[in-house]
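Enquirer: Following this line is model38.cif, made up of mmCIF, C-alpha atoms:
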```cif
data_model
#
loop_
_atom_site.label_atom_id
_atom_site.label_comp_id
_atom_site.auth_asym_id
_atom_site.auth_seq_id
_atom_site.Cartn_x
_atom_site.Cartn_y
_atom_site.Cartn_z
CA MET A 1439 82.63 18.31 18.36
CA ILE A 1440 82.65 18.83 14.67
CA THR A 1441 85.39 21.08 13.50
CA VAL A 1442 85.96 22.60 10.08
CA ASN A 1443 89.06 20.50 9.94
CA GLY A 1444 87.03 17.41 10.65
CA ILE A 1445 84.59 18.16 7.85
CA ARG A 1446 87.47 18.84 5.51
CA ASN A 1447 89.09 15.56 6.49
CA ALA A 1448 85.86 13.71 5.94
CA PHE A 1449 85.51 15.35 2.54
CA TRP A 1450 89.00 14.27 1.47
CA CYS A 1451 88.34 10.84 2.83
CA ALA A 1452 85.21 10.57 0.74
CA ILE A 1453 87.03 11.65 -2.39
CA ALA A 1454 89.86 9.27 -1.69
CA PHE A 1455 87.39 6.46 -1.13
CA GLY A 1456 85.64 7.30 -4.39
CA ILE A 1457 88.90 7.21 -6.32
CA VAL A 1458 89.91 3.94 -4.72
CA ALA A 1459 86.50 2.46 -5.39
CA CYS A 1460 86.68 3.54 -9.01
CA ALA A 1461 90.19 2.21 -9.42
CA SER A 1462 89.48 -1.10 -7.77
CA THR A 1463 86.44 -1.90 -9.96
CA PRO A 1464 87.13 -0.44 -13.40
CA MET A 1465 84.00 -0.75 -15.51
CA PRO A 1466 84.61 -2.51 -18.86
CA VAL A 1467 83.97 0.61 -20.89
CA ALA A 1468 86.06 -0.56 -23.84
CA LYS A 1469 84.37 -3.96 -23.95
CA LEU A 1470 80.94 -2.34 -23.85
CA ALA A 1471 81.90 0.01 -26.67
CA LEU A 1472 83.24 -2.92 -28.69
CA ALA A 1473 80.04 -4.90 -28.21
CA LYS A 1474 77.98 -1.88 -29.21
CA THR A 1475 79.98 -1.45 -32.42
CA SER A 1476 79.61 -5.14 -33.25
CA ILE A 1477 75.85 -4.93 -32.73
CA GLU A 1478 75.66 -1.92 -35.03
CA ARG A 1479 77.67 -3.76 -37.67
CA ALA A 1480 75.34 -6.74 -37.39
CA GLU A 1481 72.33 -4.44 -37.78
CA GLN A 1482 73.86 -2.93 -40.90
CA ALA A 1483 74.37 -6.44 -42.27
CA GLN A 1484 70.60 -6.98 -41.92
CA ALA A 1485 71.01 -9.44 -39.08
CA ALA A 1486 67.50 -8.51 -37.91
CA GLN A 1487 66.25 -10.30 -41.00
CA PHE A 1488 68.83 -13.04 -41.50
CA ALA A 1489 70.12 -13.87 -37.99
CA GLN A 1490 67.45 -12.66 -35.61
CA MET A 1491 68.17 -15.12 -32.83
CA GLU A 1492 71.86 -14.23 -32.64
CA LEU A 1493 71.15 -10.50 -32.83
CA ASP A 1494 68.52 -10.70 -30.10
CA SER A 1495 70.94 -12.57 -27.89
CA ALA A 1496 73.61 -9.91 -28.47
CA ARG A 1497 71.17 -7.08 -27.71
CA ASN A 1498 69.88 -8.74 -24.54
CA LYS A 1499 73.37 -9.43 -23.25
CA PHE A 1500 74.48 -5.91 -24.06
CA ALA A 1501 71.54 -4.49 -22.10
CA ALA A 1502 72.38 -6.80 -19.21
CA ALA A 1503 76.03 -5.76 -19.40
CA GLN A 1504 75.05 -2.11 -19.17
CA ALA A 1505 72.79 -2.84 -16.21
CA ALA A 1506 75.62 -4.72 -14.49
CA ALA A 1507 77.97 -1.82 -15.15
CA ASP A 1508 75.43 0.54 -13.59
CA GLU A 1509 75.38 -1.76 -10.57
CA ARG A 1510 79.20 -1.59 -10.64
CA GLU A 1511 79.51 -5.33 -11.13
CA ALA A 1512 82.59 -5.13 -13.30
CA LEU A 1513 83.24 -8.82 -13.88
CA VAL A 1514 79.67 -9.62 -14.81
CA ALA A 1515 79.52 -6.57 -17.06
CA ALA A 1516 82.78 -7.54 -18.78
CA ARG A 1517 81.67 -11.09 -19.44
CA LEU A 1518 78.25 -10.08 -20.71
CA ALA A 1519 79.87 -7.48 -22.95
CA ASP A 1520 82.28 -10.10 -24.35
CA GLN A 1521 79.43 -12.50 -24.98
CA ALA A 1522 77.30 -9.78 -26.56
CA ASP A 1523 80.27 -9.00 -28.80
CA VAL A 1524 80.71 -12.57 -30.11
CA ASP A 1525 76.94 -13.00 -30.45
CA ALA A 1526 76.84 -9.85 -32.56
CA GLN A 1527 79.78 -11.02 -34.66
CA LEU A 1528 78.06 -14.34 -35.22
CA ALA A 1529 74.86 -12.51 -36.14
CA GLU A 1530 76.73 -10.40 -38.66
CA SER A 1531 78.66 -13.25 -40.27
CA THR A 1532 75.56 -15.47 -40.39
CA ALA A 1533 73.55 -12.69 -42.00
CA ARG A 1534 76.25 -12.07 -44.60
CA ALA A 1535 76.65 -15.76 -45.38
CA LYS A 1536 72.88 -16.16 -45.80
CA GLN A 1537 72.61 -13.15 -48.07
CA GLN A 1538 75.46 -14.41 -50.23
CA GLU A 1539 73.73 -17.78 -50.35
CA GLN A 1540 70.57 -16.08 -51.55
CA LEU A 1541 72.54 -14.22 -54.20
CA VAL A 1542 74.16 -17.40 -55.45
CA THR A 1543 70.78 -19.12 -55.68
CA GLU A 1544 69.41 -16.25 -57.75
CA LEU A 1545 72.51 -16.20 -59.92
CA ASP A 1546 72.32 -19.96 -60.51
CA ALA A 1547 68.69 -19.61 -61.58
CA SER A 1548 69.48 -16.79 -63.98
CA LEU A 1549 72.42 -18.77 -65.39
CA ARG A 1550 70.13 -21.75 -65.96
CA ASP A 1551 67.67 -19.53 -67.82
CA LEU A 1552 70.43 -17.96 -69.87
CA ARG A 1553 71.91 -21.32 -70.82
CA SER A 1554 68.61 -22.82 -71.88
CA GLU A 1555 67.72 -19.67 -73.80
CA THR A 1556 71.01 -19.75 -75.66
CA LEU A 1557 70.48 -23.43 -76.42
CA ARG A 1558 66.98 -22.75 -77.70
CA ARG A 1559 68.18 -19.92 -79.90
CA ASP A 1560 71.02 -22.01 -81.32
CA ASN A 1561 68.63 -24.80 -82.18
CA ALA A 1562 66.16 -22.35 -83.69
CA GLY A 1563 68.83 -21.22 -86.14
CA THR A 1564 69.33 -24.70 -87.58
CA ALA A 1565 66.53 -27.07 -86.69
CA THR A 1566 63.20 -25.32 -87.03
CA PRO A 1567 62.78 -24.00 -90.57
CA GLU A 1568 59.57 -22.29 -91.55
CA PRO A 1569 57.18 -24.10 -93.86
CA ALA A 1570 58.23 -23.99 -97.50
CA PRO A 1571 56.83 -21.03 -99.41
CA GLN A 1572 54.82 -21.74 -102.51
CA GLN A 1573 57.30 -21.61 -105.30
CA GLN A 1574 56.27 -24.59 -107.26
CA GLN A 1575 53.24 -26.71 -107.92
CA MET B 1012 116.08 -35.32 7.61
CA LYS B 1013 112.37 -35.12 8.15
CA ARG B 1014 110.38 -37.92 6.67
CA ILE B 1015 106.67 -37.63 6.00
CA HIS B 1016 104.67 -40.45 7.38
CA PRO B 1017 103.27 -42.50 4.48
CA THR B 1018 99.84 -42.96 6.07
CA ARG B 1019 99.50 -39.27 6.78
CA ASN B 1020 100.53 -38.58 3.24
CA LEU B 1021 97.78 -40.84 1.90
CA VAL B 1022 95.23 -39.16 4.12
CA THR B 1023 96.28 -35.79 2.81
CA ILE B 1024 95.85 -36.98 -0.75
CA ALA B 1025 92.45 -38.46 0.01
CA VAL B 1026 91.24 -35.27 1.63
CA ALA B 1027 92.58 -33.24 -1.26
CA SER B 1028 90.79 -35.49 -3.75
CA VAL B 1029 87.53 -35.21 -1.91
CA LEU B 1030 87.83 -31.46 -1.73
CA PHE B 1031 88.75 -31.30 -5.37
CA GLY B 1032 85.86 -33.63 -6.20
CA LEU B 1033 83.44 -31.42 -4.30
CA ALA B 1034 84.77 -28.31 -5.96
CA SER B 1035 84.54 -29.80 -9.44
CA CYS B 1036 81.12 -31.27 -8.72
CA GLU B 1037 79.78 -27.86 -8.05
CA THR B 1038 80.74 -26.52 -11.48
CA ALA B 1039 80.98 -29.77 -13.42
CA PRO B 1040 77.46 -30.10 -14.87
CA ASP B 1041 77.62 -26.66 -16.39
CA SER B 1042 81.22 -26.15 -17.42
CA THR B 1043 82.06 -29.67 -18.67
CA ALA B 1044 79.04 -29.68 -20.93
CA VAL B 1045 79.78 -26.29 -22.48
CA LEU B 1046 83.48 -27.15 -22.63
CA GLU B 1047 82.66 -30.30 -24.54
CA GLN B 1048 80.49 -28.27 -26.87
CA ALA B 1049 83.33 -25.79 -27.38
CA ARG B 1050 85.82 -28.57 -28.16
CA SER B 1051 83.55 -30.11 -30.75
CA ALA B 1052 82.78 -26.70 -32.29
CA VAL B 1053 86.50 -26.05 -32.74
CA ALA B 1054 87.08 -29.58 -34.06
CA GLN B 1055 84.28 -29.12 -36.54
CA ALA B 1056 85.68 -25.80 -37.75
CA GLU B 1057 89.18 -27.30 -37.99
CA SER B 1058 87.94 -30.19 -40.13
CA ASP B 1059 86.45 -27.78 -42.65
CA PRO B 1060 89.13 -26.98 -45.25
CA ASN B 1061 87.27 -23.80 -46.17
CA VAL B 1062 87.69 -22.52 -42.62
CA THR B 1063 91.45 -23.09 -42.59
CA ARG B 1064 91.60 -21.41 -45.97
CA TYR B 1065 89.25 -18.46 -45.59
CA ALA B 1066 88.96 -17.81 -41.84
CA PRO B 1067 92.33 -18.72 -40.28
CA ILE B 1068 92.29 -15.70 -37.95
CA GLU B 1069 88.90 -16.55 -36.49
CA LEU B 1070 89.89 -20.20 -36.15
CA ASP B 1071 93.04 -19.16 -34.31
CA ARG B 1072 90.99 -16.99 -31.96
CA ALA B 1073 88.66 -19.91 -31.28
CA ARG B 1074 91.65 -22.15 -30.48
CA LYS B 1075 93.11 -19.59 -28.08
CA LEU B 1076 89.75 -19.14 -26.37
CA LEU B 1077 89.50 -22.91 -26.02
CA THR B 1078 92.94 -22.98 -24.38
CA SER B 1079 91.73 -20.29 -21.94
CA ALA B 1080 88.60 -22.31 -21.25
CA GLU B 1081 90.56 -25.49 -20.63
CA GLY B 1082 92.99 -23.60 -18.40
CA ALA B 1083 90.16 -22.04 -16.42
CA ALA B 1084 88.49 -25.43 -16.06
CA ARG B 1085 91.67 -26.93 -14.58
CA GLN B 1086 92.15 -24.28 -11.90
CA GLU B 1087 88.58 -23.30 -11.47
CA GLY B 1088 87.27 -22.54 -8.02
CA ALA B 1089 83.64 -23.20 -7.26
CA LYS B 1090 82.54 -19.61 -7.49
CA ASP B 1091 84.30 -18.50 -10.62
CA ASN B 1092 82.46 -19.65 -13.72
CA SER B 1093 85.09 -18.43 -16.18
CA ALA B 1094 85.53 -21.83 -17.87
CA ALA B 1095 81.90 -21.79 -18.99
CA HIS B 1096 82.32 -18.18 -20.10
CA TYR B 1097 85.39 -18.91 -22.24
CA ALA B 1098 83.80 -22.08 -23.54
CA TYR B 1099 80.84 -20.03 -24.73
CA LEU B 1100 83.12 -17.51 -26.44
CA THR B 1101 85.01 -20.41 -28.04
CA THR B 1102 81.87 -21.98 -29.46
CA GLN B 1103 80.65 -18.69 -30.86
CA MET B 1104 84.04 -17.86 -32.37
CA ALA B 1105 84.21 -21.29 -34.06
CA ARG B 1106 80.75 -20.64 -35.52
CA ILE B 1107 81.86 -17.19 -36.68
CA ALA B 1108 84.85 -18.80 -38.42
CA GLN B 1109 82.53 -21.19 -40.24
CA GLN B 1110 80.10 -18.48 -41.28
CA ARG B 1111 82.89 -16.23 -42.57
CA ALA B 1112 84.40 -19.13 -44.50
CA GLN B 1113 80.98 -19.96 -45.92
CA GLU B 1114 80.55 -16.36 -46.99
CA GLN B 1115 83.90 -16.43 -48.79
CA VAL B 1116 83.09 -19.70 -50.54
CA THR B 1117 79.80 -18.29 -51.79
CA THR B 1118 81.43 -15.03 -52.81
CA THR B 1119 83.90 -16.99 -54.90
CA ARG B 1120 81.05 -18.91 -56.50
CA ILE B 1121 79.22 -15.67 -57.22
CA LYS B 1122 82.28 -14.21 -58.91
CA ALA B 1123 82.65 -17.29 -61.10
CA GLY B 1124 78.93 -17.29 -61.93
CA GLU B 1125 79.02 -13.59 -62.72
CA ALA B 1126 81.92 -14.16 -65.10
CA GLU B 1127 80.06 -17.01 -66.77
CA ARG B 1128 76.97 -14.83 -67.11
CA GLN B 1129 78.99 -12.10 -68.80
CA GLN B 1130 80.50 -14.72 -71.11
CA ILE B 1131 77.09 -16.07 -72.10
CA LEU B 1132 75.67 -12.60 -72.66
CA MET B 1133 78.66 -11.61 -74.72
CA SER B 1134 78.56 -14.66 -76.98
CA ALA B 1135 74.79 -14.24 -77.30
CA ARG B 1136 75.32 -10.67 -78.48
CA GLU B 1137 78.00 -11.89 -80.88
CA ASN B 1138 75.68 -14.57 -82.21
CA GLU B 1139 72.93 -12.05 -82.68
CA ALA B 1140 75.26 -9.75 -84.56
CA ASN B 1141 76.44 -12.59 -86.80
CA GLN B 1142 72.89 -13.72 -87.37
CA SER B 1143 71.75 -10.27 -88.39
CA VAL B 1144 74.74 -9.85 -90.69
CA ALA B 1145 73.93 -13.17 -92.34
CA GLN B 1146 70.28 -12.25 -92.60
CA ALA B 1147 71.10 -8.90 -94.13
CA GLN B 1148 73.37 -10.59 -96.64
CA LEU B 1149 70.79 -13.15 -97.61
CA GLU B 1150 67.98 -10.62 -97.71
CA ASN B 1151 69.87 -8.76 -100.40
CA ILE B 1152 69.58 -11.73 -102.69
CA GLU B 1153 66.09 -12.72 -101.66
CA ALA B 1154 66.52 -15.97 -99.84
CA ALA B 1155 63.57 -18.20 -99.03
CA GLN B 1156 63.59 -20.47 -96.01
CA THR B 1157 62.41 -23.98 -96.87
CA THR B 1158 62.56 -27.38 -95.23
CA ARG B 1159 65.62 -28.19 -97.34
CA GLY B 1160 67.40 -25.00 -96.38
CA ILE B 1161 67.72 -21.41 -97.50
CA VAL B 1162 66.98 -21.22 -101.22
CA LEU B 1163 68.44 -18.45 -103.38
CA THR B 1164 67.39 -18.19 -107.00
CA LEU B 1165 69.54 -16.79 -109.79
CA ASP B 1166 67.35 -15.97 -112.76
CA ASP B 1167 68.29 -16.60 -116.38
CA VAL B 1168 69.47 -13.04 -116.83
CA SER B 1169 72.58 -14.35 -115.07
CA PHE B 1170 73.45 -16.39 -118.17
CA ASP B 1171 73.66 -15.71 -121.88
CA LYS B 1172 71.20 -17.69 -123.96
CA GLY B 1173 72.40 -21.29 -124.34
CA LYS B 1174 75.64 -20.57 -122.44
CA ALA B 1175 76.78 -21.85 -119.07
CA ALA B 1176 79.17 -19.04 -118.16
CA LEU B 1177 77.97 -16.64 -115.50
CA LYS B 1178 77.61 -13.04 -116.52
CA SER B 1179 79.79 -10.61 -114.62
CA GLY B 1180 76.70 -8.96 -113.07
CA SER B 1181 75.92 -12.17 -111.23
CA GLN B 1182 79.13 -12.21 -109.23
CA GLN B 1183 77.85 -10.13 -106.33
CA PRO B 1184 75.25 -12.55 -104.97
CA LEU B 1185 77.88 -15.29 -105.18
CA ASP B 1186 80.26 -13.19 -103.10
CA GLN B 1187 77.56 -12.90 -100.48
CA ILE B 1188 76.78 -16.62 -100.52
CA ALA B 1189 80.47 -17.47 -100.25
CA SER B 1190 81.02 -15.15 -97.33
CA PHE B 1191 77.91 -16.52 -95.65
CA LEU B 1192 79.27 -20.03 -96.09
CA SER B 1193 82.67 -19.14 -94.69
CA GLU B 1194 81.03 -17.61 -91.64
CA ASN B 1195 78.89 -20.70 -91.21
CA PRO B 1196 81.37 -23.48 -91.86
CA GLU B 1197 78.95 -26.23 -90.83
CA ARG B 1198 76.53 -25.44 -93.63
CA ARG B 1199 76.59 -27.09 -97.04
CA VAL B 1200 75.40 -25.81 -100.37
CA GLN B 1201 73.67 -27.47 -103.29
CA VAL B 1202 73.36 -25.81 -106.68
CA GLU B 1203 70.49 -26.92 -108.91
CA GLY B 1204 70.06 -25.92 -112.55
CA PHE B 1205 66.72 -25.76 -114.43
CA THR B 1206 65.60 -24.85 -117.97
CA ASP B 1207 62.27 -24.23 -119.64
CA SER B 1208 60.60 -26.87 -121.78
CA GLU B 1209 61.88 -25.49 -125.11
CA GLY B 1210 64.45 -27.66 -126.87
CA ALA B 1211 65.55 -31.28 -126.47
CA ASN B 1212 65.51 -32.96 -123.12
CA ASP B 1213 69.15 -34.05 -123.24
CA TYR B 1214 70.29 -30.63 -124.27
CA ASN B 1215 68.34 -29.01 -121.44
CA LEU B 1216 69.68 -31.51 -118.89
CA GLU B 1217 73.24 -30.83 -120.00
CA LEU B 1218 72.76 -27.08 -120.06
CA SER B 1219 71.22 -27.05 -116.56
CA GLN B 1220 74.07 -29.22 -115.26
CA SER B 1221 76.69 -26.95 -116.85
CA ARG B 1222 75.10 -23.87 -115.35
CA ALA B 1223 74.89 -25.49 -111.92
CA ASP B 1224 78.54 -26.53 -112.27
CA ALA B 1225 79.52 -22.99 -113.22
CA VAL B 1226 77.83 -21.56 -110.14
CA ALA B 1227 79.30 -24.29 -107.90
CA MET B 1228 82.75 -23.60 -109.33
CA ALA B 1229 82.31 -19.88 -108.71
CA ILE B 1230 81.50 -20.63 -105.04
CA ILE B 1231 84.47 -22.99 -104.70
CA GLN B 1232 86.74 -20.38 -106.26
CA ARG B 1233 85.69 -18.04 -103.48
CA GLY B 1234 87.37 -20.31 -100.96
CA ILE B 1235 84.60 -22.74 -100.06
CA ASP B 1236 85.67 -26.37 -99.70
CA ALA B 1237 84.46 -28.39 -102.69
CA GLN B 1238 83.28 -31.10 -100.30
CA ARG B 1239 80.57 -28.73 -99.14
CA VAL B 1240 79.35 -27.89 -102.64
CA ARG B 1241 77.22 -30.09 -104.91
CA ALA B 1242 75.87 -29.29 -108.37
CA LEU B 1243 72.87 -30.95 -110.01
CA GLY B 1244 71.14 -30.37 -113.37
CA TYR B 1245 67.41 -31.10 -113.57
CA GLY B 1246 66.67 -29.83 -117.11
CA GLU B 1247 62.98 -29.15 -117.64
CA GLU B 1248 61.92 -30.84 -114.40
CA PHE B 1249 60.42 -29.00 -111.46
CA PRO B 1250 59.17 -25.93 -113.28
CA VAL B 1251 58.04 -23.02 -111.12
CA ALA B 1252 55.73 -21.66 -113.89
CA SER B 1253 53.68 -23.08 -116.74
CA ASN B 1254 56.08 -22.78 -119.73
CA ALA B 1255 53.09 -21.48 -121.73
CA SER B 1256 54.33 -17.92 -122.11
CA VAL B 1257 57.61 -16.09 -122.56
CA GLY B 1258 57.40 -14.73 -119.02
CA SER B 1259 56.72 -18.08 -117.38
CA ARG B 1260 59.46 -19.77 -119.38
CA GLN B 1261 61.84 -17.14 -118.19
CA LEU B 1262 60.90 -17.94 -114.59
CA ASN B 1263 61.68 -21.60 -115.22
CA ARG B 1264 65.16 -20.86 -116.54
CA ARG B 1265 67.00 -20.50 -113.29
CA VAL B 1266 69.65 -21.77 -110.90
CA GLU B 1267 68.69 -22.40 -107.31
CA ILE B 1268 71.28 -22.38 -104.59
CA ILE B 1269 70.25 -24.21 -101.44
CA VAL B 1270 72.21 -23.53 -98.26
CA SER B 1271 71.61 -26.22 -95.64
CA ASN B 1272 70.04 -25.28 -92.32
CA ASN B 1273 72.72 -27.24 -90.46
CA ASP B 1274 75.52 -29.68 -91.14
CA ALA B 1275 73.22 -32.37 -92.51
CA ALA B 1276 73.18 -33.25 -96.19
CA ILE B 1277 70.51 -31.48 -98.23
CA PRO B 1278 67.67 -33.86 -99.03
CA GLY B 1279 67.19 -34.69 -102.68
CA ARG B 1280 64.49 -33.11 -104.74
CA ALA B 1281 61.23 -34.96 -105.17
CA ALA B 1282 57.94 -33.85 -106.59
CA GLY B 1283 56.16 -31.54 -104.18
CA VAL B 1284 59.23 -30.92 -102.04
CA LEU B 1285 61.26 -27.77 -102.36
#
```
What would the structure in this file look like if it were written as C-alpha cells?
Expert:
Amino acid sequence: MITVNGIRNAFWCAIAFGIVACASTPMPVAKLALAKTSIERAEQAQAAQFAQMELDSARNKFAAAQAAADEREALVAARLADQADVDAQLAESTARAKQQEQLVTELDASLRDLRSETLRRDNAGTATPEPAPQQQQ
Amino acid sequence: MKRIHPTRNLVTIAVASVLFGLASCETAPDSTAVLEQARSAVAQAESDPNVTRYAPIELDRARKLLTSAEGAARQEGAKDNSAAHYAYLTTQMARIAQQRAQEQVTTTRIKAGEAERQQILMSARENEANQSVAQAQLENIEAAQTTRGIVLTLDDVSFDKGKAALKSGSQQPLDQIASFLSENPERRVQVEGFTDSEGANDYNLELSQSRADAVAMAIIQRGIDAQRVRALGYGEEFPVASNASVGSRQLNRRVEIIVSNNDAAIPGRAAGVL
C-alpha cells in the first residue's frame, strides 16, 4: 500500500541519489571552460588561417568533450577537454609564430629595398654626372 | 620463523611477470609509441636554446607532463589509458614551447629590423637635407655639372684690370664654396684661371695663374685643407667665346672653380673636355 509517507521517502531518496550521483561524477566544468577560452584565443590569433589543423583538432575534441559531459562520462570529458585545451594553445602559438615569420619576411624585403635605394642614391651623387653643358667650342 | 619456499617464490614471480606482461601488452602498442614521441618532443625542445631562453615555463610544463606520463605508464592497468593521454599533452606542450620561443625569436628580429629601418630612413632624410642645402648653395652661384665635376665660374668683374687680388664683392661665392667643401670633405677643388687674347702670352699665363692662386688661397683661408685645392693658370687657352668683341673677351676673362664629383682627382683639361 502506498502511503504519503512512502511517496515522501521515495522523493527524498531520489533527491539524495541525485546529489550523490552528482557528487560522485563531477563534470569537468572548469576544464571545459578553459578549453573554450583557449579556442577563442586561438581564433583571435587567426589560427583558422595559420594553424587550421590544430584548431580543427581542438574544436572537434571540445565538441566531443561536451558530448561526453552530457553523457556524464566525466573522465572522458576531462581528458578531451585537456587535449582540446593544448591543441588550441598549439594552434594559437603556431598561428602567432607564423604571422611573425611573415612580418619578418616582409620587413627583410623592405630593408633590402631601402638599402639598395640608399646605395643607388649615394652613387648617383658622385658617380653619374650629367653630360657637360656647352660652354666651350 | 616462517621461511618461504624458494620454488614457490619463483613460481609467484613467474606468474606475476606473465600477468604484468599481459597487462602491458594490452596497452603497449599505443602508449609506448606515444610515450616515445613525447620523450623525443621534450628532448627536442630542451636542445633548442631559444626554448630554454624564451619559453621556460612551457618547457617546464612539458617536463612535468612527461613525468606524469612515465608514472602512469609504470603503474598503468589495462583499462586506464592515462599514459597515452599524458604523453599526448606532453608532446603538444613541447610543441607549444617551441612555437612560443620561435615567436619570441622572430619578434626580436622584427624589433632589430624596425630599428634598422628607422635608422636608414633617418639618414636618408638627413642626406636629402644636406643634398638640398648643397644644391641651394651652388645654385646661388650658378654651378654647372660636368664630367670633371661641378664648375663654378667667377667672371672678370671679380678682379681689377691686370690685378690678381679678388674684389671684396667676390667673397660671398667663395664662402659658399668653402662651406660646401667642408660639408663634403671627400671632394677636391681645382681653380683654373683664363684671360682673353689681348696682351702677351707670358703675361696672360702669369696673370691667370696669379688669379687662380688668389682664389685657391681664399678657399684655403676659409679652412679647407690645401691638399684638396689646386690652382692652374691657362692664359689665353680654352676660350669660351671668340675674343673678337669686347663682350666675348670679357667672357673669356674668368676663373673657373671645379669641385670634384667624388674623392678622385680632377682630370686635366684637354681640348674639347670641360
Enquirer: With 7 Å as the limit and counting only C-alpha atoms, what residues in chain B lie close to chain A? Please list them as a ChimeraX atom specification.
Expert: /B:1100,1103-1104,1106-1107,1110-1111,1113-1114,1117-1118,1121,1124,1128,1135,1156-1158,1250-1251,1272-1273,1283,1285
Enquirer: What does the structure give for the distance between atom CA of B:Ser1134 and atom CA of B:Val1200, in Å to one decimal?
Expert: 26.1 Å
Enquirer: With distances taken over only C-alpha atoms, which residue among B:Gly1204, B:Gln1048, B:Ala1229, B:Ala1066 lies nearest B:Ser1179?
Expert: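 Smallest separation from B:Ser1179 among the options: B:Ala1229.
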Enquirer: Please, what distance in Å, to one decimal, runs between atom CA of B:Arg1199 and atom CA of B:Leu1163?
Expert: 13.5 Å
Enquirer: Have a look at B:Ser1259, B:Leu1216, B:Glu1267, B:Val1202 and name the one nearest to B:Ala1242; count all atoms listed in the file.
Expert: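 Answer, going by the shortest atom-to-atom distance: B:Val1202.
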